[in-house]
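S.K.: Would you mind keeping the following structure in view while I ask a few things?
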Amino acid sequence: MPLLLTLLLSPLFPGIVQGDASAPELPPPPPFTVPGDLRAAPGLGGVHQFSSHNREGWNGDGGWHLYDDESGRAVIFDAAGPGCARSLWATDIREGAVLHFFFDGEEEPRLAIPMLAFFRGEHPLFPPPLNSYEARGHWGERPFAGNSFVPIPFAEHLKIAVAGELQFYHAFWQSYPHGTPLATFTGEEDRSFLLGEAFGIERGGGRGEPAFLEPHVLEPGGEACFWRQERGGTLTEIVLEAPATDALIRETWIRMVWDEHDRCDVLAPLGYFFGSAVQVRPTRSALLAVEPLPEGRVRFRCRFPMPFARSARIDLVNRSAARIGPIKGFASSIPSRPLPADHLAYFTTTFREGWTTYGRDWLLAETPGAGWYVGTVQTMLGEHYCEGNEHFALDGAISPQIHGTGTEDYYLGCFWPNRDYQSPFACCVGDVMEEAGSFEGAHGLRACYSRWHLEAPIPFCSRLDARIQHGGYDTIRSSYGSLAFFYLHPRPLLVETDFLDVGTAASEAAHGYSSPASELTAPLAARPEGAEHRIELHDRGRRHAGGEIAFHVAIDPANAGVRLRRRLDQASPRQTAEVTVDGERAGVWYHADRNETLRWFDSDFDLHPRFTAGKERLEVRLAVRSGGGRGPFTDFAYRVYALAAE
């Protein structure tokens, strides 16, 4: 596993079994420490989301689920392993609803827990503060959000089903290539990271040597260098103190440049950067805090690690007509040996503000390259913005791997208007209904939210495209602002090496494609889920009720793993195939969802480098599983990508 991914995620990796010579080692360094030699490649495997989003693309996300199992339970999570459920969220939870957990093909649930008791932390395997059930909204009879951050690893398979009435939910989970050593959930996994700094920013203190800075007064339109270093290292903590004014948080900008880049890696208003963008209010998440001080002052704190190879500079810029300051504080860093910039993924932000555009999702961040998306701060003012779903499409996929159920749900709240809440992974700063005095007046005040993907940073290997709807169908006019946080290596590390156009005789022949039990589909005109759901695409492919699919593909022998991406038709449910590569079992390719309206979906299957390293060609076989509620396996195209080796 590349080191940066290891450093960010290995403390969150429950049940890892060390010593498997066929798998990369996963050392357990302290969380969020980034010493030295970073690898930009996030590695294959990814973060995904199951949710109750409306499969027709409209608002009204309650009650949707993957399928009903043989006992009539609503299945909300169904994935082949190895993987790990990182977080579960739900709202409008009904009395009598029971969560059933099935691991690794079990026919009977290993755990059956009343849903309310689960989120309230009443089960010993899912205790508080990792599980919580809080009033986070104002509307309706049950404006309570249930959140769970207990990691639930599974070696072969995990199914979670609900017996009883189901409304709104989402679940973030990580997948890993077959061959990654992962032990199934016992409840005894190491949760020290989640119970440590993530649940108390005051714990531990900054790491590294603090450089205390002389107070700065910024003249109107002026700027000052806050901190500078001319050797490689990692910035570990930033602390600023200043008089708390609107001009400070809205019109004083922080600018960061790593290694003399010709771009600003970070450029944002201070309020957005520290998570309280509208007014000075106490805010505390895992790695950011805003603390009002006596005598009208405020302290900002950031503990995101920020690595650089040769130099780093932080400037403060006054874009207001007022004098700002004095601003004082310190920055802490740890030194490192000289590093090539090609081994770094730099801490980066994208700031945007303006009015929403009808028919188009609000863009949070879009960039080529490789890295991890780690957080969002967003403000909204105007019409009923909080019905919009988040859509994160990674590495050029036509359909989003992250598809949520509503804006306030993405920020782990529920039922707008939202109460003020502070938590390690999400915050709502202020209470617009309380401030306005009425539900109707709440739209007239700017709301501020944040979401920190620290339980599962979202990896991308070639392209990041993160967006969020405004209203249920991108049909409202609101004033938005957003700051996206991510680690970025600017060079894409996932390179397409082959393309198989199923249903085209020449392409099938060139790849030795065979499937005796298949039939050609009629030309299909369909649309995908997500931000591109208005675009109709036409193609034809094959449908397989059983049997075996075989083909060969070309890859780059200098690879650190290979991704197979299949364009499928989601009208067919629970498509399943056993995968073998060059005669070795390589896992199960499983797509659990069904969508008869928005049918196109790009499904990824990642191959561990033990199957691919040093090879120029792979012989792939897919043994289609049928029965048990599974529909025909469909394929319209395969794209093949090689992950660049170090």
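Scheme for the structure tokens: letters A, B, ... for chains in order shown; per-chain residue numbers from 1; ligand numbers from 1 in order shown.
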Please, which residues in stretch 507-575 of chain A fall within 12 Å of stretch 388-391 of chain A when counting only C-alpha atoms, and what is the closest atom pair and distance in Å to one decimal for each, ordered by chain then residue number, as JSON lines?
M.R.:
{"residue": "A:Pro528", "atom": "CA", "partner": "A:His391", "partner_atom": "CA", "distance": 11.9}
{"residue": "A:Glu529", "atom": "CA", "partner": "A:His391", "partner_atom": "CA", "distance": 9.0}
{"residue": "A:Gly530", "atom": "CA", "partner": "A:His391", "partner_atom": "CA", "distance": 5.7}
{"residue": "A:Ala531", "atom": "CA", "partner": "A:His391", "partner_atom": "CA", "distance": 6.4}
{"residue": "A:Glu532", "atom": "CA", "partner": "A:His391", "partner_atom": "CA", "distance": 9.8}
{"residue": "A:His533", "atom": "CA", "partner": "A:His391", "partner_atom": "CA", "distance": 10.9}
S.K.: Next, the residues of the selection above should be written as a JSON list (two decimals), in the first residue's frame with C-alpha atoms.
M.R.:
[["chain", "number", "residue", "atom", "x", "y", "z"],
["A", 528, "PRO", "CA", -26.88, 7.27, -15.87],
["A", 529, "GLU", "CA", -27.39, 8.23, -12.24],
["A", 530, "GLY", "CA", -25.82, 11.37, -10.80],
["A", 531, "ALA", "CA", -24.86, 14.73, -12.26],
["A", 532, "GLU", "CA", -25.12, 13.46, -15.86],
["A", 533, "HIS", "CA", -28.59, 11.95, -15.50]]
S.K.: Can you pull out every residue from stretch 255-423 of chain A that DSSP, working from the backbone, puts in strand (DSSP E or B), and format the result as a VMD selection string?
M.R.: chain A and resid 255 to 258 266 to 269 283 to 284 288 to 293 297 to 302 306 to 308 312 to 318 324 to 335 346 to 355 362 to 368 370 to 382 390 to 394 402 to 403 418 421 to 422
S.K.: Hey, what's within 9 Å of A:Tyr487 if we count only C-alpha atoms and toss same-chain stuff fewer than 2 positions away? As a VMD selection string, please?
M.R.: chain A and resid 40 306 345 to 349 370 to 374 485 489
S.K.: Mind dumping the selected residues with N, CA, C and O atoms as an mmCIF file, in the first residue's frame?
M.R.:
data_model
loop_
_atom_site.group_PDB
_atom_site.id
_atom_site.type_symbol
_atom_site.label_atom_id
_atom_site.label_comp_id
_atom_site.auth_asym_id
_atom_site.auth_seq_id
_atom_site.Cartn_x
_atom_site.Cartn_y
_atom_site.Cartn_z
ATOM 1 N N ALA A 40 2.249 9.105 -3.877
ATOM 2 C CA ALA A 40 1.053 9.826 -4.302
ATOM 3 C C ALA A 40 -0.086 8.881 -4.648
ATOM 4 O O ALA A 40 -1.240 9.248 -4.552
ATOM 5 N N MET A 306 0.365 18.753 6.348
ATOM 6 C CA MET A 306 0.593 19.357 5.038
ATOM 7 C C MET A 306 2.057 19.171 4.666
ATOM 8 O O MET A 306 2.930 19.923 5.111
ATOM 9 N N ALA A 345 1.683 14.115 -2.315
ATOM 10 C CA ALA A 345 0.313 14.554 -2.559
ATOM 11 C C ALA A 345 0.092 15.765 -1.664
ATOM 12 O O ALA A 345 0.145 15.655 -0.443
ATOM 13 N N TYR A 346 -0.132 16.926 -2.262
ATOM 14 C CA TYR A 346 -0.144 18.192 -1.536
ATOM 15 C C TYR A 346 -1.535 18.520 -1.001
ATOM 16 O O TYR A 346 -2.555 18.311 -1.686
ATOM 17 N N PHE A 347 -1.572 19.075 0.195
ATOM 18 C CA PHE A 347 -2.815 19.584 0.769
ATOM 19 C C PHE A 347 -3.312 20.739 -0.103
ATOM 20 O O PHE A 347 -2.579 21.696 -0.372
ATOM 21 N N THR A 348 -4.575 20.650 -0.566
ATOM 22 C CA THR A 348 -5.098 21.548 -1.590
ATOM 23 C C THR A 348 -6.546 21.890 -1.279
ATOM 24 O O THR A 348 -7.264 21.092 -0.665
ATOM 25 N N THR A 349 -6.991 23.061 -1.698
ATOM 26 C CA THR A 349 -8.398 23.439 -1.552
ATOM 27 C C THR A 349 -8.911 24.034 -2.857
ATOM 28 O O THR A 349 -8.142 24.537 -3.680
ATOM 29 N N ALA A 370 -4.244 12.469 -8.662
ATOM 30 C CA ALA A 370 -4.479 11.378 -7.724
ATOM 31 C C ALA A 370 -4.411 11.924 -6.308
ATOM 32 O O ALA A 370 -3.665 12.862 -6.023
ATOM 33 N N GLY A 371 -5.179 11.338 -5.419
ATOM 34 C CA GLY A 371 -5.147 11.787 -4.032
ATOM 35 C C GLY A 371 -6.348 11.317 -3.255
ATOM 36 O O GLY A 371 -6.926 10.263 -3.535
ATOM 37 N N TRP A 372 -6.762 12.135 -2.273
ATOM 38 C CA TRP A 372 -7.882 11.800 -1.392
ATOM 39 C C TRP A 372 -8.699 13.053 -1.129
ATOM 40 O O TRP A 372 -8.141 14.112 -0.783
ATOM 41 N N TYR A 373 -10.009 12.933 -1.276
ATOM 42 C CA TYR A 373 -10.914 14.005 -0.876
ATOM 43 C C TYR A 373 -11.207 13.818 0.608
ATOM 44 O O TYR A 373 -11.633 12.747 1.042
ATOM 45 N N VAL A 374 -10.999 14.907 1.409
ATOM 46 C CA VAL A 374 -11.100 14.741 2.860
ATOM 47 C C VAL A 374 -12.127 15.648 3.531
ATOM 48 O O VAL A 374 -12.392 15.468 4.722
ATOM 49 N N PHE A 485 -11.622 20.303 0.431
ATOM 50 C CA PHE A 485 -10.295 19.974 0.961
ATOM 51 C C PHE A 485 -9.877 18.619 0.398
ATOM 52 O O PHE A 485 -10.627 17.636 0.506
ATOM 53 N N HIS A 489 -1.890 14.875 -5.895
ATOM 54 C CA HIS A 489 -0.713 14.751 -6.745
ATOM 55 C C HIS A 489 -1.199 15.041 -8.161
ATOM 56 O O HIS A 489 -2.120 14.386 -8.650
#
S.K.: Can you list, as JSON, numbers by chain, every protein, DNA or RNA residue that comes within 7 Å of stretch 44-53 of chain A when you count only C-alpha atoms, leaving out same-chain residues fewer than 5 positions away?
M.R.: {"A": [61, 62, 63, 64, 65, 76, 77, 168, 169, 170, 171, 172, 173, 174, 175, 176, 177, 401, 402, 403, 404, 405, 458, 459, 561, 606]}
S.K.: If we count only C-alpha atoms, what is near A:Arg599 at a cut-off of 9 Å, once residues fewer than 3 positions away on the same chain are taken out, given as a ChimeraX atom specification?
M.R.: /A:526-529,568-572,594-596
S.K.: Generate a file of the selected residues that holds N, CA and C atoms, formatted as a compact mmCIF listing (two decimals), in the first residue's frame.
M.R.:
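Now in out35.txt:
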# COMPACT_ATOMS: atom_id res chain seq x y z
N ALA A 526 -30.30 4.95 -22.77
CA ALA A 526 -30.53 5.07 -21.33
C ALA A 526 -29.70 6.22 -20.78
N ARG A 527 -29.97 6.55 -19.52
CA ARG A 527 -29.26 7.63 -18.83
C ARG A 527 -28.61 7.07 -17.57
N PRO A 528 -27.53 7.71 -17.10
CA PRO A 528 -26.88 7.27 -15.87
C PRO A 528 -27.45 7.98 -14.65
N GLU A 529 -27.10 7.50 -13.47
CA GLU A 529 -27.39 8.23 -12.24
C GLU A 529 -26.44 9.43 -12.12
N LEU A 568 -22.52 -1.38 -17.32
CA LEU A 568 -23.61 -2.35 -17.18
C LEU A 568 -24.96 -1.66 -17.23
N ASP A 569 -26.00 -2.47 -17.34
CA ASP A 569 -27.39 -2.02 -17.34
C ASP A 569 -27.99 -2.37 -15.99
N GLN A 570 -28.30 -1.34 -15.19
CA GLN A 570 -28.80 -1.57 -13.82
C GLN A 570 -30.23 -2.09 -13.76
N ALA A 571 -30.90 -2.20 -14.89
CA ALA A 571 -32.25 -2.76 -14.86
C ALA A 571 -32.23 -4.21 -14.39
N SER A 572 -31.08 -4.85 -14.51
CA SER A 572 -30.91 -6.22 -14.06
C SER A 572 -30.35 -6.22 -12.65
N ARG A 594 -30.28 -1.97 -8.18
CA ARG A 594 -31.13 -2.09 -9.37
C ARG A 594 -31.74 -0.73 -9.64
N ASN A 595 -31.78 -0.33 -10.91
CA ASN A 595 -32.39 0.94 -11.29
C ASN A 595 -32.95 0.78 -12.70
N GLU A 596 -34.25 0.75 -12.81
CA GLU A 596 -34.89 0.56 -14.11
C GLU A 596 -35.13 1.88 -14.83
S.K.: Which residues, written as a ChimeraX atom specification, have at least one atom at most 10 Å from A:Arg284, with only C-alpha atoms counted and residues fewer than 3 positions away on the same chain left out?
M.R.: /A:199-202,274-276,281,287-291,301,421-427,429
S.K.: Contacts of stretch 209-226 of chain A at 9 Å or less, counting only C-alpha atoms, minus same-chain residues fewer than 4 places along, as a list in words?
M.R.: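 Residues near the query, excluding close chain neighbours: Glu237, Arg313, Ile314, Asp315, Leu316, Val317, Asn318, Arg319, Ser320, Ala321, Ala322, Arg323, Ile324, Gly325, Pro326, Ile327, Lys328, Gly329, Phe330, Ala331, Ser332, Ser333 and Ile334 of chain A.
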S.K.: Considering only C-alpha atoms, can you say which of A:Thr521, A:Asn59, A:Thr475, A:Asn559 comes closest to A:Trp355?
M.R.: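 Comparing A:Thr521, A:Asn59, A:Thr475, A:Asn559 against A:Trp355, the winner is A:Thr475.
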S.K.: Could you check the closest approach to A:Tyr133 for each of A:Pro109, A:Gly413, A:Gly359, A:Gly444 and tell me which residue wins, using only C-alpha atoms?
M.R.: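 Under the stated criterion, the closest residue is A:Gly413.
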S.K.: Counting only C-alpha atoms, which of A:Gly369, A:Gly430, A:Gly406, A:Gly587 gets nearest to A:Pro490?
M.R.: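 Answer, going by the shortest atom-to-atom distance: A:Gly369.
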S.K.: Can you work out which one of A:Glu619, A:Thr376, A:Ala506, A:Cys448 has the shortest atom-to-atom distance to A:Asp431, counting only C-alpha atoms?
M.R.: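 Looking at the shortest contact to A:Asp431, the residue is A:Cys448.
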S.K.: I'd like to know which of A:Arg231, A:Arg263, A:His157, A:Arg567 is closest to A:Leu537, using only C-alpha atoms.
M.R.: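 When distances to A:Leu537 are compared using only C-alpha atoms, the smallest one comes from A:Arg567.
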S.K.: May I ask which of the residues A:Ile555, A:Ala74, A:Val98, A:Ile476 is the closest one to A:Asp361, counting only C-alpha atoms?
M.R.: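 Of A:Ile555, A:Ala74, A:Val98, A:Ile476, the one nearest A:Asp361 is A:Ile476, counting only C-alpha atoms.
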S.K.: Distance atom CA of A:Thr236-atom CA of A:Ser336, one decimal place?
M.R.: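 A separation of 12.5 Å between them.
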S.K.: Would you work out the distance separating atom CA of A:Gly546 from atom CA of A:Thr580, expressed in Å to one decimal?
M.R.: 15.7 Å
